[in-house]
Amino acid sequence: MASLNQDTNQFKVLIAGGSLVGLGLALAFERAGIEYELFEKGEFATDLGASIGIHPHTIRILEQLGVWKDIEQQVIPLQGRNHYDGNGHCFEESNVLVHINEILQRPIIFMERCKALEALHSHVQDKLKLHARTAVVGYEETQQGVIVTTEDGEHHHGHILIGADGIHSKVRKLMADKISVTNQPLANELNEAFKSEYNCIFAVSRNDPEKQFLPNAMVHNVYYDKYSAVAAAGVHGLVFWFLFVKGSKFTRTPNCPRFTDEDEEATVQKYGNSLVGPGYTVKDLWDARVKGTMVPLEEGVIKRWSHNRVVLMGDSVHKATINPGLGGNLAYEGIARLTNGLVPLLKESPMPSLEQLTEVFNQYISGQKPRAKTVVDLSGQITRYEAQDTWVLKFAARHIVPWVSDRLKAKLYASFSRGGPYLEYLPLPSMDVDLRKPAKKPSSRGIFPGLITVMIIGGTAAIFWHMRNQNRLLLTLSAFITQWKYC
């Protein structure tokens, strides 16, 4: 059965996956005037998932897409952050989030994932291009394009296919099957690219105004041996929280664990008496939950991101542990990098060749992959840092990081955030006009040598031993001393 739209004279993008990344792509293409169709196996703006953290460099993109104002009205920018040991002692009171807002003129926020999806979906002008309950089950490439088959038996014609369908990506699996014909080892690597050692319960609970777990705009973080927890009050009446627990062994996709309700209850039973903040425990939060689930924390960056007319994006290619909250934001960097290449190409060549498309894919990959590798590696280190996985990490958390000033932490984070891409084909907010000027190379002078010296004297140099270049070291220092908690 043929698709209703078989027009092959206009370049069209086919998108698999209608979550945060897919809807972001839809908006980016719509604003650029690029034809597309999007296929989501479930419903849009589903209530699945709990929360999403949004960082300043992603807020900038959402401003360009016209979505930020709707989101801004729903959230309370995070400000304070207290760090506790397992006995309830607060060993660090931080105002770094306030300083970040002052420097970047944008906050870090936390909200319900479904509300973010609703905001994105509401801004798509042509909803007929969004196909719910329409899973992609196969694709075939032709000389001029790609034909996607959906579970209803329909065939949809386009010119490229973007797999934005998450960690369990069907498109990645289909791409691996194509590659296996000539390169079985590479196909195996694509299917087994992600490892998992830590598991996480993430949930949303009621934060009763009459008896709050923690005040609005506050984050509580608690450090135990081999596990940790965080709670954040970023929306009126709700608290978003996470319990991170080290598993008994490493697993690898496609054999990472899938947890049941019984697994969740057993984990809460084991760790339920652990304090998260003053006067409340994991079980207190669990009993007040609105929703919650348990998942493995996969980690990894796959080796091959594209094959002919198919390209992957978001969690389908890079998956970071959620402690620093950079994974979802990293995906929006990918949206910017890919569309920044496609838009000028299509203006020059309305029906580009495979060679031209491959060049754009390669530019997207070469720009995104190094940052993805850094964020994935960094996130895994932070997960282990917060769970005090080694004595070195425990020493750093208790005796080094608290002595670094909040202002310095904010400056280090801001240098990372400013490095995120934006949509070059759309107007920038007035505060960002300087971004169009050539960027200066990062300097190792100024505030960084002193911080590095402090870390080395403190015995934490081993944490950074494997870092290979200055940019990665800078980001590592930034994240470790800031210890982000937003998924």
# chains A, B, ... in the order shown; residues from 1 in each chain; ligands from 1
$ residues_around --residues "Arg258 in chain A" --least-positions-apart "5" --cutoff "10 Å" --atoms "only C-alpha atoms" --output "ChimeraX atom specification"
/A:263,294-296
$ select_by_dssp --residues "range 17-158 of chain A" --states "alpha helix (DSSP H)" --output "PyMOL selection string"
chain A and resi 20-32+56-64+68-72+96-104+113-123
$ closest_residue --among "A:Tyr198, A:Phe259, A:Tyr385, A:Phe91" --to "Gly247 in chain A" --atoms "only C-alpha atoms"
A:Tyr198
$ residues_around --residues "range 167-179 of chain A" --least-positions-apart "6" --cutoff "8 Å" --atoms "only C-alpha atoms" --output "PyMOL selection string"
chain A and resi 16+136-139+186-188+190-191+307+310+312+315-317+319
$ closest_residue --among "A:Pro56, A:Gly18, A:Gly292, A:Gly86" --to "Tyr224 in chain A" --atoms "only C-alpha atoms"
A:Gly86
$ closest_residue --among "A:Asn329, A:Ser205, A:Ser417, A:Gln368" --to "Arg106 in chain A" --atoms "only C-alpha atoms"
A:Ser417
$ closest_residue --among "A:Ala164, A:Ile201, A:Leu428, A:Ala320" --to "Glu265 in chain A" --atoms "only C-alpha atoms"
A:Ile201
$ select_by_dssp --residues "range 125-213 of chain A" --states "strand (DSSP E)" --output "count of residues only"
33
$ atom_distance --atom1 "CA of Ile400 in chain A" --atom2 "CA of Leu214 in chain A"
26.1 Å
$ closest_residue --among "A:Glu63, A:Glu92, A:Glu37, A:Asp284" --to "His399 in chain A" --atoms "only C-alpha atoms"
A:Glu92
$ closest_residue --among "A:Gly24, A:Gly279, A:Pro324, A:Pro352" --to "His89 in chain A" --atoms "only C-alpha atoms"
A:Gly279
$ residues_around --residues "Phe39 in chain A" --least-positions-apart "3" --cutoff "7 Å" --atoms "only C-alpha atoms" --output "PyMOL selection string"
chain A and resi 15-18+130-132+134-136
$ decode --residues "range 358-376 of chain A" --atoms "N, CA, C and O atoms" --output "PDB file, in the first residue's frame"
ATOM      1  N   THR A 358      25.930  12.973   2.666  1.00  0.00           N
ATOM      2  CA  THR A 358      26.951  12.317   3.486  1.00  0.00           C
ATOM      3  C   THR A 358      27.900  13.339   4.083  1.00  0.00           C
ATOM      4  O   THR A 358      28.316  13.217   5.241  1.00  0.00           O
ATOM      5  N   GLU A 359      28.220  14.364   3.308  1.00  0.00           N
ATOM      6  CA  GLU A 359      29.108  15.417   3.821  1.00  0.00           C
ATOM      7  C   GLU A 359      28.453  16.152   4.996  1.00  0.00           C
ATOM      8  O   GLU A 359      29.112  16.442   6.003  1.00  0.00           O
ATOM      9  N   VAL A 360      27.154  16.439   4.898  1.00  0.00           N
ATOM     10  CA  VAL A 360      26.443  17.089   6.004  1.00  0.00           C
ATOM     11  C   VAL A 360      26.387  16.170   7.217  1.00  0.00           C
ATOM     12  O   VAL A 360      26.610  16.608   8.348  1.00  0.00           O
ATOM     13  N   PHE A 361      26.108  14.895   6.998  1.00  0.00           N
ATOM     14  CA  PHE A 361      26.099  13.942   8.113  1.00  0.00           C
ATOM     15  C   PHE A 361      27.460  13.912   8.799  1.00  0.00           C
ATOM     16  O   PHE A 361      27.548  13.892  10.029  1.00  0.00           O
ATOM     17  N   ASN A 362      28.516  13.898   7.997  1.00  0.00           N
ATOM     18  CA  ASN A 362      29.859  13.832   8.573  1.00  0.00           C
ATOM     19  C   ASN A 362      30.202  15.087   9.361  1.00  0.00           C
ATOM     20  O   ASN A 362      30.881  15.018  10.398  1.00  0.00           O
ATOM     21  N   GLN A 363      29.726  16.245   8.878  1.00  0.00           N
ATOM     22  CA  GLN A 363      29.952  17.490   9.625  1.00  0.00           C
ATOM     23  C   GLN A 363      29.219  17.449  10.964  1.00  0.00           C
ATOM     24  O   GLN A 363      29.766  17.852  11.994  1.00  0.00           O
ATOM     25  N   TYR A 364      27.977  16.972  10.942  1.00  0.00           N
ATOM     26  CA  TYR A 364      27.209  16.814  12.179  1.00  0.00           C
ATOM     27  C   TYR A 364      27.917  15.874  13.148  1.00  0.00           C
ATOM     28  O   TYR A 364      28.072  16.172  14.334  1.00  0.00           O
ATOM     29  N   ILE A 365      28.393  14.750  12.641  1.00  0.00           N
ATOM     30  CA  ILE A 365      29.043  13.751  13.496  1.00  0.00           C
ATOM     31  C   ILE A 365      30.364  14.276  14.047  1.00  0.00           C
ATOM     32  O   ILE A 365      30.660  14.130  15.237  1.00  0.00           O
ATOM     33  N   SER A 366      31.168  14.908  13.200  1.00  0.00           N
ATOM     34  CA  SER A 366      32.480  15.398  13.655  1.00  0.00           C
ATOM     35  C   SER A 366      32.331  16.508  14.680  1.00  0.00           C
ATOM     36  O   SER A 366      33.181  16.674  15.561  1.00  0.00           O
ATOM     37  N   GLY A 367      31.243  17.283  14.579  1.00  0.00           N
ATOM     38  CA  GLY A 367      31.017  18.321  15.577  1.00  0.00           C
ATOM     39  C   GLY A 367      30.426  17.785  16.861  1.00  0.00           C
ATOM     40  O   GLY A 367      30.767  18.258  17.957  1.00  0.00           O
ATOM     41  N   GLN A 368      29.560  16.785  16.757  1.00  0.00           N
ATOM     42  CA  GLN A 368      28.815  16.294  17.916  1.00  0.00           C
ATOM     43  C   GLN A 368      29.537  15.183  18.673  1.00  0.00           C
ATOM     44  O   GLN A 368      29.450  15.098  19.902  1.00  0.00           O
ATOM     45  N   LYS A 369      30.243  14.333  17.979  1.00  0.00           N
ATOM     46  CA  LYS A 369      30.783  13.125  18.600  1.00  0.00           C
ATOM     47  C   LYS A 369      31.807  13.406  19.698  1.00  0.00           C
ATOM     48  O   LYS A 369      31.744  12.795  20.777  1.00  0.00           O
ATOM     49  N   PRO A 370      32.753  14.334  19.496  1.00  0.00           N
ATOM     50  CA  PRO A 370      33.708  14.595  20.577  1.00  0.00           C
ATOM     51  C   PRO A 370      33.035  15.105  21.850  1.00  0.00           C
ATOM     52  O   PRO A 370      33.379  14.689  22.961  1.00  0.00           O
ATOM     53  N   ARG A 371      32.075  15.997  21.691  1.00  0.00           N
ATOM     54  CA  ARG A 371      31.367  16.519  22.865  1.00  0.00           C
ATOM     55  C   ARG A 371      30.522  15.419  23.510  1.00  0.00           C
ATOM     56  O   ARG A 371      30.431  15.338  24.734  1.00  0.00           O
ATOM     57  N   ALA A 372      29.936  14.563  22.694  1.00  0.00           N
ATOM     58  CA  ALA A 372      29.157  13.445  23.225  1.00  0.00           C
ATOM     59  C   ALA A 372      30.048  12.506  24.038  1.00  0.00           C
ATOM     60  O   ALA A 372      29.674  12.067  25.133  1.00  0.00           O
ATOM     61  N   LYS A 373      31.221  12.184  23.504  1.00  0.00           N
ATOM     62  CA  LYS A 373      32.135  11.299  24.232  1.00  0.00           C
ATOM     63  C   LYS A 373      32.538  11.915  25.563  1.00  0.00           C
ATOM     64  O   LYS A 373      32.605  11.222  26.590  1.00  0.00           O
ATOM     65  N   THR A 374      32.793  13.202  25.564  1.00  0.00           N
ATOM     66  CA  THR A 374      33.176  13.881  26.796  1.00  0.00           C
ATOM     67  C   THR A 374      32.039  13.850  27.814  1.00  0.00           C
ATOM     68  O   THR A 374      32.234  13.527  28.984  1.00  0.00           O
ATOM     69  N   VAL A 375      30.832  14.175  27.365  1.00  0.00           N
ATOM     70  CA  VAL A 375      29.684  14.218  28.281  1.00  0.00           C
ATOM     71  C   VAL A 375      29.362  12.831  28.816  1.00  0.00           C
ATOM     72  O   VAL A 375      29.069  12.665  30.005  1.00  0.00           O
ATOM     73  N   VAL A 376      29.406  11.815  27.970  1.00  0.00           N
ATOM     74  CA  VAL A 376      29.108  10.454  28.420  1.00  0.00           C
ATOM     75  C   VAL A 376      30.140   9.997  29.437  1.00  0.00           C
ATOM     76  O   VAL A 376      29.802   9.434  30.484  1.00  0.00           O
TER      77      VAL A 376
END
